[in-house]
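> Just model_5.cif, nothing more (mmCIF, C-alpha atoms and all ligand atoms):
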data_work
#
loop_
_atom_site.group_PDB
_atom_site.id
_atom_site.type_symbol
_atom_site.label_atom_id
_atom_site.label_comp_id
_atom_site.auth_asym_id
_atom_site.auth_seq_id
_atom_site.Cartn_x
_atom_site.Cartn_y
_atom_site.Cartn_z
ATOM 1 C CA MET A 64 185.117 -78.205 231.813
ATOM 2 C CA ASP A 65 186.652 -81.213 233.548
ATOM 3 C CA ALA A 66 189.342 -81.113 236.244
ATOM 4 C CA SER A 67 192.092 -80.817 233.643
ATOM 5 C CA GLY A 68 190.412 -77.820 232.008
ATOM 6 C CA GLY A 69 189.110 -79.811 229.002
ATOM 7 C CA TYR A 70 185.555 -79.913 227.697
ATOM 8 C CA ASP A 71 183.738 -82.785 229.325
ATOM 9 C CA GLU A 72 180.088 -81.774 229.365
ATOM 10 C CA TYR A 73 178.963 -85.156 228.020
ATOM 11 C CA GLY A 74 181.772 -87.158 229.672
ATOM 12 C CA SER A 75 179.846 -88.748 232.532
ATOM 13 C CA ILE A 76 177.059 -90.062 230.311
ATOM 14 C CA ALA A 77 178.894 -90.806 227.048
ATOM 15 C CA ASP A 78 178.570 -94.568 227.542
ATOM 16 C CA LEU A 79 174.828 -94.264 228.266
ATOM 17 C CA TYR A 80 173.947 -91.936 225.371
ATOM 18 C CA ASP A 81 173.270 -94.571 222.705
ATOM 19 C CA HIS A 82 170.923 -96.523 224.970
ATOM 20 C CA VAL A 83 168.648 -93.642 226.047
ATOM 21 C CA VAL A 84 165.269 -94.574 224.556
ATOM 22 C CA PRO A 85 164.314 -91.178 223.038
ATOM 23 C CA TYR A 86 167.796 -90.914 221.481
ATOM 24 C CA ARG A 87 167.836 -94.509 220.239
ATOM 25 C CA ASP A 88 164.377 -94.088 218.692
ATOM 26 C CA ARG A 89 164.832 -90.549 217.366
ATOM 27 C CA ALA A 90 163.310 -90.471 213.886
ATOM 28 C CA ASP A 91 165.920 -88.275 212.197
ATOM 29 C CA VAL A 92 168.559 -90.733 210.973
ATOM 30 C CA GLY A 93 166.885 -91.544 207.628
ATOM 31 C CA PHE A 94 166.440 -87.830 206.919
ATOM 32 C CA PHE A 95 170.133 -87.046 207.440
ATOM 33 C CA VAL A 96 171.304 -90.142 205.575
ATOM 34 C CA ASP A 97 169.081 -89.248 202.571
ATOM 35 C CA ALA A 98 170.449 -85.690 202.584
ATOM 36 C CA ALA A 99 174.032 -87.005 202.696
ATOM 37 C CA ARG A 100 173.346 -89.456 199.859
ATOM 38 C CA SER A 101 171.874 -86.713 197.648
ATOM 39 C CA ALA A 102 174.698 -84.278 198.430
ATOM 40 C CA GLY A 103 177.411 -86.892 197.866
ATOM 41 C CA SER A 104 180.810 -87.117 199.552
ATOM 42 C CA PRO A 105 182.268 -85.591 201.577
ATOM 43 C CA VAL A 106 179.845 -84.579 204.317
ATOM 44 C CA LEU A 107 180.705 -82.832 207.576
ATOM 45 C CA GLU A 108 178.739 -83.601 210.735
ATOM 46 C CA VAL A 109 179.179 -80.930 213.380
ATOM 47 C CA GLY A 110 178.664 -82.211 216.943
ATOM 48 C CA CYS A 111 178.661 -85.867 215.806
ATOM 49 C CA GLY A 112 178.730 -87.293 219.343
ATOM 50 C CA THR A 113 178.773 -91.089 219.446
ATOM 51 C CA GLY A 114 178.034 -91.497 215.742
ATOM 52 C CA ARG A 115 174.278 -92.035 215.974
ATOM 53 C CA VAL A 116 173.914 -90.352 212.551
ATOM 54 C CA LEU A 117 177.529 -90.498 211.364
ATOM 55 C CA ILE A 118 177.786 -94.300 211.319
ATOM 56 C CA PRO A 119 174.587 -94.873 209.266
ATOM 57 C CA THR A 120 175.859 -92.142 206.900
ATOM 58 C CA ALA A 121 179.146 -93.991 206.365
ATOM 59 C CA ARG A 122 177.215 -97.256 205.983
ATOM 60 C CA ALA A 123 175.215 -95.577 203.187
ATOM 61 C CA GLY A 124 178.418 -95.125 201.194
ATOM 62 C CA VAL A 125 179.142 -91.470 201.989
ATOM 63 C CA ASP A 126 182.506 -90.169 203.207
ATOM 64 C CA VAL A 127 181.863 -88.294 206.414
ATOM 65 C CA VAL A 128 183.945 -86.248 208.831
ATOM 66 C CA GLY A 129 182.563 -86.017 212.357
ATOM 67 C CA LEU A 130 183.590 -83.090 214.513
ATOM 68 C CA ASP A 131 182.952 -82.959 218.242
ATOM 69 C CA LEU A 132 184.537 -81.353 221.263
ATOM 70 C CA ALA A 133 183.844 -84.124 223.776
ATOM 71 C CA PRO A 134 186.646 -86.715 223.933
ATOM 72 C CA ARG A 135 184.477 -89.358 225.570
ATOM 73 C CA MET A 136 181.684 -89.035 223.011
ATOM 74 C CA LEU A 137 184.302 -89.402 220.268
ATOM 75 C CA ALA A 138 185.805 -92.403 222.088
ATOM 76 C CA VAL A 139 182.411 -94.165 222.049
ATOM 77 C CA CYS A 140 182.050 -93.299 218.352
ATOM 78 C CA ARG A 141 185.508 -94.734 217.641
ATOM 79 C CA GLU A 142 184.677 -97.972 219.503
ATOM 80 C CA ARG A 143 181.426 -98.313 217.554
ATOM 81 C CA LEU A 144 183.232 -97.701 214.267
ATOM 82 C CA GLN A 145 185.712 -100.469 215.072
ATOM 83 C CA LEU A 146 182.812 -102.927 214.963
ATOM 84 C CA GLU A 147 181.910 -101.852 211.425
ATOM 85 C CA PRO A 148 183.216 -103.477 208.226
ATOM 86 C CA GLU A 149 186.471 -102.035 206.914
ATOM 87 C CA PRO A 150 184.922 -99.944 204.054
ATOM 88 C CA VAL A 151 182.568 -98.209 206.516
ATOM 89 C CA GLN A 152 185.480 -97.467 208.849
ATOM 90 C CA ARG A 153 187.441 -95.969 205.971
ATOM 91 C CA ARG A 154 184.603 -93.609 205.052
ATOM 92 C CA ALA A 155 184.409 -92.038 208.534
ATOM 93 C CA ARG A 156 186.927 -89.691 210.084
ATOM 94 C CA LEU A 157 186.687 -88.063 213.508
ATOM 95 C CA VAL A 158 188.114 -84.731 214.594
ATOM 96 C CA GLN A 159 188.137 -83.270 218.077
ATOM 97 C CA ALA A 160 187.462 -79.559 217.625
ATOM 98 C CA ASP A 161 185.276 -76.734 218.830
ATOM 99 C CA MET A 162 182.449 -75.963 216.436
ATOM 100 C CA ARG A 163 182.823 -72.272 217.261
ATOM 101 C CA ARG A 164 186.111 -72.118 215.381
ATOM 102 C CA PHE A 165 187.656 -74.876 213.297
ATOM 103 C CA GLU A 166 189.875 -75.281 210.276
ATOM 104 C CA LEU A 167 189.898 -78.663 208.584
ATOM 105 C CA GLY A 168 191.530 -77.688 205.305
ATOM 106 C CA GLU A 169 188.869 -79.300 203.113
ATOM 107 C CA ALA A 170 185.496 -78.459 201.593
ATOM 108 C CA PHE A 171 182.230 -80.356 201.964
ATOM 109 C CA THR A 172 179.051 -80.699 199.921
ATOM 110 C CA LEU A 173 176.908 -80.680 203.033
ATOM 111 C CA ALA A 174 177.290 -79.817 206.717
ATOM 112 C CA THR A 175 174.779 -81.157 209.206
ATOM 113 C CA VAL A 176 174.223 -80.331 212.873
ATOM 114 C CA PRO A 177 171.867 -83.096 214.008
ATOM 115 C CA PHE A 178 170.084 -83.106 217.355
ATOM 116 C CA ARG A 179 170.729 -79.548 218.458
ATOM 117 C CA PRO A 180 174.458 -79.167 219.228
ATOM 118 C CA PHE A 181 174.095 -75.560 218.020
ATOM 119 C CA GLN A 182 171.948 -74.843 221.085
ATOM 120 C CA HIS A 183 174.996 -75.392 223.272
ATOM 121 C CA LEU A 184 176.260 -72.054 221.931
ATOM 122 C CA LEU A 185 175.020 -69.372 224.264
ATOM 123 C CA THR A 186 175.901 -66.101 222.561
ATOM 124 C CA VAL A 187 175.257 -64.566 219.152
ATOM 125 C CA GLU A 188 179.021 -64.161 218.789
ATOM 126 C CA ASP A 189 179.560 -67.920 219.220
ATOM 127 C CA GLN A 190 176.640 -68.741 216.929
ATOM 128 C CA LEU A 191 177.956 -66.508 214.141
ATOM 129 C CA SER A 192 181.488 -67.752 214.584
ATOM 130 C CA CYS A 193 180.258 -71.355 214.258
ATOM 131 C CA LEU A 194 178.202 -70.557 211.147
ATOM 132 C CA ALA A 195 181.190 -68.740 209.613
ATOM 133 C CA SER A 196 183.410 -71.789 210.233
ATOM 134 C CA ILE A 197 180.812 -74.077 208.680
ATOM 135 C CA ARG A 198 180.346 -71.770 205.676
ATOM 136 C CA ALA A 199 184.098 -71.647 205.072
ATOM 137 C CA HIS A 200 184.051 -75.454 204.786
ATOM 138 C CA LEU A 201 181.297 -75.673 202.158
ATOM 139 C CA ILE A 202 181.733 -75.827 198.396
ATOM 140 C CA ASP A 203 179.889 -73.213 196.302
ATOM 141 C CA GLY A 204 176.204 -74.043 196.601
ATOM 142 C CA GLY A 205 176.891 -76.454 199.469
ATOM 143 C CA ARG A 206 174.178 -76.863 202.071
ATOM 144 C CA LEU A 207 173.769 -76.723 205.819
ATOM 145 C CA ILE A 208 171.103 -78.612 207.773
ATOM 146 C CA LEU A 209 170.582 -77.030 211.151
ATOM 147 C CA ASP A 210 168.365 -78.885 213.606
ATOM 148 C CA LEU A 211 166.908 -76.907 216.524
ATOM 149 C CA PHE A 212 163.898 -77.371 218.769
ATOM 150 C CA ASN A 213 161.095 -74.873 218.396
ATOM 151 C CA PRO A 214 160.621 -73.344 221.856
ATOM 152 C CA SER A 215 157.069 -73.907 223.074
ATOM 153 C CA LEU A 216 155.679 -70.699 224.531
ATOM 154 C CA ASP A 217 153.382 -72.705 226.823
ATOM 155 C CA MET A 218 156.285 -74.715 228.168
ATOM 156 C CA LEU A 219 158.464 -71.629 228.691
ATOM 157 C CA ALA A 220 155.694 -69.807 230.512
ATOM 158 C CA ASN A 221 154.947 -72.750 232.792
ATOM 159 C CA LEU A 222 158.422 -74.015 233.679
ATOM 160 C CA ARG A 223 158.560 -75.436 237.190
ATOM 161 C CA ILE A 224 162.065 -74.492 238.204
ATOM 162 C CA GLY A 225 163.836 -77.174 240.226
ATOM 163 C CA GLU A 226 161.091 -79.764 239.834
ATOM 164 C CA GLU A 227 162.108 -83.164 238.492
ATOM 165 C CA GLY A 228 159.861 -84.779 235.899
ATOM 166 C CA GLY A 229 159.617 -86.467 232.560
ATOM 167 C CA GLU A 230 160.358 -90.032 233.532
ATOM 168 C CA GLU A 231 161.285 -92.056 230.445
ATOM 169 C CA PRO A 232 161.168 -95.801 229.736
ATOM 170 C CA GLU A 233 163.862 -97.689 231.650
ATOM 171 C CA PHE A 234 166.776 -98.984 229.607
ATOM 172 C CA THR A 235 169.499 -101.545 230.267
ATOM 173 C CA THR A 236 173.110 -101.142 229.176
ATOM 174 C CA PRO A 237 175.076 -104.094 227.715
ATOM 175 C CA ASP A 238 176.919 -104.456 231.068
ATOM 176 C CA GLY A 239 173.639 -104.873 232.935
ATOM 177 C CA ARG A 240 173.022 -101.424 234.452
ATOM 178 C CA ARG A 241 169.333 -100.514 234.615
ATOM 179 C CA VAL A 242 168.763 -96.804 234.080
ATOM 180 C CA VAL A 243 165.811 -94.453 234.484
ATOM 181 C CA ARG A 244 166.241 -90.869 233.370
ATOM 182 C CA ARG A 245 164.421 -87.762 234.497
ATOM 183 C CA HIS A 246 165.075 -84.108 233.861
ATOM 184 C CA ARG A 247 164.654 -80.694 235.410
ATOM 185 C CA THR A 248 165.281 -77.051 234.631
ATOM 186 C CA VAL A 249 167.267 -75.503 237.476
ATOM 187 C CA ALA A 250 167.343 -71.891 236.286
ATOM 188 C CA GLU A 251 165.914 -69.793 233.505
ATOM 189 C CA ASP A 252 167.162 -66.622 231.890
ATOM 190 C CA ARG A 253 164.328 -65.215 229.833
ATOM 191 C CA PHE A 254 166.451 -62.331 228.592
ATOM 192 C CA GLY A 255 169.394 -64.432 227.453
ATOM 193 C CA GLN A 256 167.065 -67.239 226.247
ATOM 194 C CA VAL A 257 169.142 -69.752 228.208
ATOM 195 C CA ASN A 258 167.811 -72.445 230.531
ATOM 196 C CA ASP A 259 170.075 -74.427 232.851
ATOM 197 C CA PHE A 260 169.002 -77.974 232.398
ATOM 198 C CA GLU A 261 169.790 -81.261 234.145
ATOM 199 C CA LEU A 262 169.351 -84.756 232.785
ATOM 200 C CA ILE A 263 169.403 -87.061 235.784
ATOM 201 C CA TYR A 264 170.275 -90.727 235.358
ATOM 202 C CA TYR A 265 169.257 -93.104 238.169
ATOM 203 C CA VAL A 266 171.510 -96.104 237.683
ATOM 204 C CA SER A 267 171.014 -99.512 239.367
ATOM 205 C CA HIS A 268 174.218 -101.533 239.031
ATOM 206 C CA PRO A 269 174.110 -105.358 238.780
ATOM 207 C CA ASP A 270 175.713 -105.574 242.285
ATOM 208 C CA GLY A 271 172.834 -103.537 243.760
ATOM 209 C CA ARG A 272 174.709 -100.239 244.027
ATOM 210 C CA GLN A 273 172.619 -97.162 243.206
ATOM 211 C CA GLU A 274 174.039 -94.108 241.486
ATOM 212 C CA ARG A 275 172.621 -90.721 240.522
ATOM 213 C CA LEU A 276 174.431 -89.171 237.575
ATOM 214 C CA VAL A 277 173.699 -85.591 236.586
ATOM 215 C CA HIS A 278 174.367 -84.233 233.125
ATOM 216 C CA ALA A 279 174.034 -80.486 233.649
ATOM 217 C CA PHE A 280 174.234 -77.934 230.855
ATOM 218 C CA PRO A 281 172.867 -74.592 229.754
ATOM 219 C CA MET A 282 170.804 -74.572 226.577
ATOM 220 C CA ARG A 283 169.980 -71.578 224.402
ATOM 221 C CA TYR A 284 166.660 -71.510 222.603
ATOM 222 C CA LEU A 285 166.163 -69.707 219.315
ATOM 223 C CA PHE A 286 162.952 -68.641 217.662
ATOM 224 C CA ARG A 287 162.248 -69.178 213.981
ATOM 225 C CA PHE A 288 162.888 -65.680 212.669
ATOM 226 C CA GLU A 289 165.917 -65.216 214.917
ATOM 227 C CA ALA A 290 167.502 -68.318 213.413
ATOM 228 C CA GLU A 291 166.613 -67.148 209.906
ATOM 229 C CA HIS A 292 168.252 -63.776 210.515
ATOM 230 C CA LEU A 293 171.352 -65.484 211.904
ATOM 231 C CA LEU A 294 171.598 -67.713 208.852
ATOM 232 C CA ALA A 295 171.188 -64.722 206.524
ATOM 233 C CA ARG A 296 173.870 -62.760 208.394
ATOM 234 C CA ALA A 297 176.195 -65.725 208.122
ATOM 235 C CA GLY A 298 175.723 -66.052 204.347
ATOM 236 C CA PHE A 299 173.072 -68.755 204.022
ATOM 237 C CA GLU A 300 169.762 -68.763 202.114
ATOM 238 C CA VAL A 301 167.035 -70.858 203.693
ATOM 239 C CA GLU A 302 165.566 -73.265 201.128
ATOM 240 C CA HIS A 303 163.313 -75.303 203.419
ATOM 241 C CA LEU A 304 162.097 -75.141 206.961
ATOM 242 C CA TYR A 305 160.575 -78.343 208.285
ATOM 243 C CA ALA A 306 158.688 -79.060 211.492
ATOM 244 C CA ASP A 307 159.892 -82.654 211.620
ATOM 245 C CA PHE A 308 161.990 -85.229 209.824
ATOM 246 C CA ASP A 309 159.086 -86.378 207.644
ATOM 247 C CA ARG A 310 159.408 -82.936 206.024
ATOM 248 C CA HIS A 311 156.134 -81.552 207.310
ATOM 249 C CA PRO A 312 156.336 -77.807 206.762
ATOM 250 C CA TYR A 313 156.987 -75.421 209.611
ATOM 251 C CA GLY A 314 153.629 -74.271 210.963
ATOM 252 C CA SER A 315 151.846 -77.586 210.408
ATOM 253 C CA MET A 316 152.214 -78.613 214.077
ATOM 254 C CA TYR A 317 153.059 -76.938 217.358
ATOM 255 C CA PRO A 318 155.717 -76.652 218.562
ATOM 256 C CA GLY A 319 157.432 -79.122 216.223
ATOM 257 C CA ASP A 320 161.098 -78.715 215.410
ATOM 258 C CA LEU A 321 163.046 -76.150 213.426
ATOM 259 C CA VAL A 322 164.869 -78.075 210.724
ATOM 260 C CA PHE A 323 166.540 -75.607 208.388
ATOM 261 C CA VAL A 324 167.960 -76.599 205.023
ATOM 262 C CA ALA A 325 170.062 -73.645 203.883
ATOM 263 C CA ARG A 326 172.302 -73.082 200.902
ATOM 264 C CA ARG A 327 175.622 -71.272 201.105
ATOM 265 C CA SER A 328 174.936 -68.043 199.260
ATOM 266 C CA ASN A 329 177.501 -66.623 196.854
ATOM 267 C CA GLY A 330 179.757 -63.756 197.797
HETATM 268 C C1 LIG A 401 172.829 -83.871 221.791
HETATM 269 S S1 LIG A 401 174.439 -84.321 221.284
HETATM 270 C C2 LIG A 401 174.158 -84.679 219.570
HETATM 271 C C3 LIG A 401 175.114 -85.723 219.051
HETATM 272 C C4 LIG A 401 174.796 -86.248 217.651
HETATM 273 N N1 LIG A 401 174.779 -85.197 216.647
HETATM 274 C C5 LIG A 401 173.472 -86.978 217.621
HETATM 275 O O1 LIG A 401 172.624 -86.615 216.789
HETATM 276 O O2 LIG A 401 173.283 -87.915 218.405
HETATM 277 C C6 LIG A 401 175.315 -82.770 221.214
HETATM 278 C C7 LIG A 401 176.789 -82.924 220.850
HETATM 279 O O3 LIG A 401 177.334 -81.619 220.638
HETATM 280 C C8 LIG A 401 178.674 -81.630 221.112
HETATM 281 N N2 LIG A 401 179.118 -80.260 221.366
HETATM 282 C C9 LIG A 401 178.647 -79.373 222.288
HETATM 283 N N3 LIG A 401 179.340 -78.216 222.225
HETATM 284 C C10 LIG A 401 180.257 -78.365 221.225
HETATM 285 C C11 LIG A 401 181.245 -77.510 220.659
HETATM 286 N N4 LIG A 401 181.440 -76.263 221.118
HETATM 287 N N5 LIG A 401 181.992 -77.978 219.638
HETATM 288 C C12 LIG A 401 181.820 -79.248 219.162
HETATM 289 N N6 LIG A 401 180.896 -80.107 219.668
HETATM 290 C C13 LIG A 401 180.122 -79.664 220.681
HETATM 291 C C14 LIG A 401 178.608 -82.474 222.371
HETATM 292 O O4 LIG A 401 179.888 -82.940 222.760
HETATM 293 C C15 LIG A 401 177.643 -83.575 221.927
HETATM 294 O O5 LIG A 401 178.346 -84.680 221.401
#
Please express the file's structure as C-alpha cells.


Amino acid sequence: MDASGGYDEYGSIADLYDHVVPYRDRADVGFFVDAARSAGSPVLEVGCGTGRVLIPTARAGVDVVGLDLAPRMLAVCRERLQLEPEPVQRRARLVQADMRRFELGEAFTLATVPFRPFQHLLTVEDQLSCLASIRAHLIDGGRLILDLFNPSLDMLANLRIGEEGGEEPEFTTPDGRRVVRRHRTVAEDRFGQVNDFELIYYVSHPDGRQERLVHAFPMRYLFRFEAEHLLARAGFEVEHLYADFDRHPYGSMYPGDLVFVARRSNG
C-alpha cells in the first residue's frame, strides 16, 4: 500500500523494470506470443506490468487486454504503447484491477499470467478467487497459462536470511542512471510457504548522487501437485506442464519452472 492506501508494491521501481537484465532477457516472450497467436483474439494478460509480453502480443496481431493493480506499472505500459504504431495501440487495452476479483464483461480465448504474478497471492482463498475470476472470463474450452517458479528444496533449506547476494549485470537507464541490483530474503515462513523478499537497486545518478531503492514484497511458493490440485478445484484440466519456455517437460531439469497450460473444464 502507498500513503494514499492504494497498491504501490512496484511503484518505486516501475521505471527501472524494463531495463533489469534478467527481465529484459527473459526467454518467455516468444512462448506467450505463440500461444496468443494460436488461441486468437481476444487474450487476457493478468498482471501485465509494463507490457513486456503484452506489447509483443499486440504487435503479433492479437487483441489483448492487460490487467494489473499497480498504477505506475500500467503508466509505463501506456507510455510504451504510445510509441507503437496505431494498429498495435488499438489492439491493446489496459485495466487497473485486482486479479483476486475482477469483472470485465467479456470472454477470452486465453488468459496468461506471465512471470509469476500469481505468487503475489498469499492465501489459498486469494488463489482460488483469482482462478475463479479468470475462469469466468474464458470461453468454453479456453485456456490458462500459469507461470510459477518451481521451489528448489536446496535453496529453501539453505536460505541465508538477511544476507544480500545475487549481484546482476549493471544496467543503464535512458536518462543515464547506472543501476546494480542485489536481493535478499529477510524472513521465511516455512508453514505458510511465504518468503519476504527484497530486491535492492543501487542507483548512481548522472550528478553523482547515490540512491538505494528497496522493492520489498512477500512471495508465496507453490509445489507442483499443490498447483495442480488448485487448478482442478478451480475447474481447469492441466494439458501440459513445462519446465521452461522451450517446452521441455517438467522433470527434465531441476528446479526449472512450473509452466502450466490448462483448459477450462466444462461444468
Ligand atoms: C513480476 S511482475 C510481471 C509483469 C509482467 N507479467 C511481465 O511478465 O513482465 C508482477 C506483476 O503482477 C502485478 N500484481 C501483483 N499483485 C497483483 C494483483 N493482486 N492484481 C493485479 N496485478 C497484480 C504487479 O503489479 C506486477 O506488475

> Check what the PyMOL selection byres (((not hetatm)) within 10 of (chain A and resi 401)) selects in the file above and give those residues as a PDB file with C-alpha atoms, in the coordinates of the input.


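Now in selection-v7.pdb:
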ATOM      1  CA  TYR A  70     185.555 -79.913 227.697  1.00  0.00           C
ATOM      2  CA  ASP A  71     183.738 -82.785 229.325  1.00  0.00           C
ATOM      3  CA  GLU A  72     180.088 -81.774 229.365  1.00  0.00           C
ATOM      4  CA  TYR A  73     178.963 -85.156 228.020  1.00  0.00           C
ATOM      5  CA  GLY A  74     181.772 -87.158 229.672  1.00  0.00           C
ATOM      6  CA  ALA A  77     178.894 -90.806 227.048  1.00  0.00           C
ATOM      7  CA  TYR A  80     173.947 -91.936 225.371  1.00  0.00           C
ATOM      8  CA  ASP A  81     173.270 -94.571 222.705  1.00  0.00           C
ATOM      9  CA  TYR A  86     167.796 -90.914 221.481  1.00  0.00           C
ATOM     10  CA  ARG A  87     167.836 -94.509 220.239  1.00  0.00           C
ATOM     11  CA  ARG A  89     164.832 -90.549 217.366  1.00  0.00           C
ATOM     12  CA  ASP A  91     165.920 -88.275 212.197  1.00  0.00           C
ATOM     13  CA  VAL A  92     168.559 -90.733 210.973  1.00  0.00           C
ATOM     14  CA  PHE A  95     170.133 -87.046 207.440  1.00  0.00           C
ATOM     15  CA  GLU A 108     178.739 -83.601 210.735  1.00  0.00           C
ATOM     16  CA  VAL A 109     179.179 -80.930 213.380  1.00  0.00           C
ATOM     17  CA  GLY A 110     178.664 -82.211 216.943  1.00  0.00           C
ATOM     18  CA  CYS A 111     178.661 -85.867 215.806  1.00  0.00           C
ATOM     19  CA  GLY A 112     178.730 -87.293 219.343  1.00  0.00           C
ATOM     20  CA  THR A 113     178.773 -91.089 219.446  1.00  0.00           C
ATOM     21  CA  GLY A 114     178.034 -91.497 215.742  1.00  0.00           C
ATOM     22  CA  ARG A 115     174.278 -92.035 215.974  1.00  0.00           C
ATOM     23  CA  VAL A 116     173.914 -90.352 212.551  1.00  0.00           C
ATOM     24  CA  LEU A 117     177.529 -90.498 211.364  1.00  0.00           C
ATOM     25  CA  GLY A 129     182.563 -86.017 212.357  1.00  0.00           C
ATOM     26  CA  LEU A 130     183.590 -83.090 214.513  1.00  0.00           C
ATOM     27  CA  ASP A 131     182.952 -82.959 218.242  1.00  0.00           C
ATOM     28  CA  LEU A 132     184.537 -81.353 221.263  1.00  0.00           C
ATOM     29  CA  ALA A 133     183.844 -84.124 223.776  1.00  0.00           C
ATOM     30  CA  PRO A 134     186.646 -86.715 223.933  1.00  0.00           C
ATOM     31  CA  ARG A 135     184.477 -89.358 225.570  1.00  0.00           C
ATOM     32  CA  MET A 136     181.684 -89.035 223.011  1.00  0.00           C
ATOM     33  CA  LEU A 137     184.302 -89.402 220.268  1.00  0.00           C
ATOM     34  CA  CYS A 140     182.050 -93.299 218.352  1.00  0.00           C
ATOM     35  CA  VAL A 158     188.114 -84.731 214.594  1.00  0.00           C
ATOM     36  CA  GLN A 159     188.137 -83.270 218.077  1.00  0.00           C
ATOM     37  CA  ALA A 160     187.462 -79.559 217.625  1.00  0.00           C
ATOM     38  CA  ASP A 161     185.276 -76.734 218.830  1.00  0.00           C
ATOM     39  CA  MET A 162     182.449 -75.963 216.436  1.00  0.00           C
ATOM     40  CA  ARG A 163     182.823 -72.272 217.261  1.00  0.00           C
ATOM     41  CA  ARG A 164     186.111 -72.118 215.381  1.00  0.00           C
ATOM     42  CA  PHE A 165     187.656 -74.876 213.297  1.00  0.00           C
ATOM     43  CA  THR A 175     174.779 -81.157 209.206  1.00  0.00           C
ATOM     44  CA  VAL A 176     174.223 -80.331 212.873  1.00  0.00           C
ATOM     45  CA  PRO A 177     171.867 -83.096 214.008  1.00  0.00           C
ATOM     46  CA  PHE A 178     170.084 -83.106 217.355  1.00  0.00           C
ATOM     47  CA  ARG A 179     170.729 -79.548 218.458  1.00  0.00           C
ATOM     48  CA  PRO A 180     174.458 -79.167 219.228  1.00  0.00           C
ATOM     49  CA  PHE A 181     174.095 -75.560 218.020  1.00  0.00           C
ATOM     50  CA  GLN A 182     171.948 -74.843 221.085  1.00  0.00           C
ATOM     51  CA  HIS A 183     174.996 -75.392 223.272  1.00  0.00           C
ATOM     52  CA  LEU A 184     176.260 -72.054 221.931  1.00  0.00           C
ATOM     53  CA  LEU A 185     175.020 -69.372 224.264  1.00  0.00           C
ATOM     54  CA  ASP A 189     179.560 -67.920 219.220  1.00  0.00           C
ATOM     55  CA  GLN A 190     176.640 -68.741 216.929  1.00  0.00           C
ATOM     56  CA  CYS A 193     180.258 -71.355 214.258  1.00  0.00           C
ATOM     57  CA  ASP A 210     168.365 -78.885 213.606  1.00  0.00           C
ATOM     58  CA  PHE A 280     174.234 -77.934 230.855  1.00  0.00           C
TER      59      PHE A 280
END

> Which residues fall under the PyMOL selection byres (((chain A and resi 231-237) around 12) and not hetatm) in this file, as a PDB file with C-alpha atoms, in the frame of the given file?


ATOM      1  CA  ILE A  76     177.059 -90.062 230.311  1.00  0.00           C
ATOM      2  CA  ASP A  78     178.570 -94.568 227.542  1.00  0.00           C
ATOM      3  CA  LEU A  79     174.828 -94.264 228.266  1.00  0.00           C
ATOM      4  CA  TYR A  80     173.947 -91.936 225.371  1.00  0.00           C
ATOM      5  CA  ASP A  81     173.270 -94.571 222.705  1.00  0.00           C
ATOM      6  CA  HIS A  82     170.923 -96.523 224.970  1.00  0.00           C
ATOM      7  CA  VAL A  83     168.648 -93.642 226.047  1.00  0.00           C
ATOM      8  CA  VAL A  84     165.269 -94.574 224.556  1.00  0.00           C
ATOM      9  CA  PRO A  85     164.314 -91.178 223.038  1.00  0.00           C
ATOM     10  CA  TYR A  86     167.796 -90.914 221.481  1.00  0.00           C
ATOM     11  CA  ARG A  87     167.836 -94.509 220.239  1.00  0.00           C
ATOM     12  CA  ASP A  88     164.377 -94.088 218.692  1.00  0.00           C
ATOM     13  CA  GLY A 228     159.861 -84.779 235.899  1.00  0.00           C
ATOM     14  CA  GLY A 229     159.617 -86.467 232.560  1.00  0.00           C
ATOM     15  CA  GLU A 230     160.358 -90.032 233.532  1.00  0.00           C
ATOM     16  CA  ASP A 238     176.919-104.456 231.068  1.00  0.00           C
ATOM     17  CA  GLY A 239     173.639-104.873 232.935  1.00  0.00           C
ATOM     18  CA  ARG A 240     173.022-101.424 234.452  1.00  0.00           C
ATOM     19  CA  ARG A 241     169.333-100.514 234.615  1.00  0.00           C
ATOM     20  CA  VAL A 242     168.763 -96.804 234.080  1.00  0.00           C
ATOM     21  CA  VAL A 243     165.811 -94.453 234.484  1.00  0.00           C
ATOM     22  CA  ARG A 244     166.241 -90.869 233.370  1.00  0.00           C
ATOM     23  CA  ARG A 245     164.421 -87.762 234.497  1.00  0.00           C
ATOM     24  CA  HIS A 246     165.075 -84.108 233.861  1.00  0.00           C
ATOM     25  CA  LEU A 262     169.351 -84.756 232.785  1.00  0.00           C
ATOM     26  CA  ILE A 263     169.403 -87.061 235.784  1.00  0.00           C
ATOM     27  CA  TYR A 264     170.275 -90.727 235.358  1.00  0.00           C
ATOM     28  CA  TYR A 265     169.257 -93.104 238.169  1.00  0.00           C
ATOM     29  CA  VAL A 266     171.510 -96.104 237.683  1.00  0.00           C
ATOM     30  CA  SER A 267     171.014 -99.512 239.367  1.00  0.00           C
ATOM     31  CA  HIS A 268     174.218-101.533 239.031  1.00  0.00           C
ATOM     32  CA  PRO A 269     174.110-105.358 238.780  1.00  0.00           C
TER      33      PRO A 269
END

> Please, what distance in Å, to one decimal, runs between CA of Thr248 in chain A and CA of Leu216 in chain A?

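CA of Leu216 in chain A lies at a distance of 15.3 Å from CA of Thr248 in chain A.
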
> Quick one: of A:Val257, A:Leu304, A:Ala98, A:Val277, who's nearest to Val324 in chain A, counting all atoms listed in the file?

A:Leu304

> Kindly extract all protein, DNA and RNA residues lying within 9 Å of the coordinates (162.5, -77.4, 214.1) given in the file, considering all atoms listed in the file, and supply them as a count of residues only.

19

> Apply the PyMOL selection byres (((chain A and resi 122) around 10) and not hetatm) to the displayed file and report the matching residues as a ChimeraX atom specification.

/A:96,117-121,123-126,147-148,150-152,154-155

> Could you check which of A:Leu219, A:Asp309, A:Ala295, A:Glu251 is closest to Gly93 in chain A, using only C-alpha atoms?

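Checking each candidate against Gly93 in chain A, we get A:Asp309 as the closest.
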
> Between A:Glu289, A:Asp203, A:Glu188, A:Glu166, which one has atoms that come closest to Asn329 in chain A, using only C-alpha atoms?

A:Asp203

> Produce the centre coordinates and the three edge lengths, each in Å to one decimal, of the box along x, y and z that contains all listed atoms of range 103-111 of chain A with 4 Å added on each side, as AutoDock Vina command-line options.


--center_x 179.8 --center_y -84.0 --center_z 207.4 --size_x 12.9 --size_y 14.2 --size_z 27.1

> Tell me, in Å to one decimal, how far CA of Leu201 in chain A is from CA of Leu294 in chain A.

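Going from CA of Leu201 in chain A over to CA of Leu294 in chain A covers 14.2 Å.
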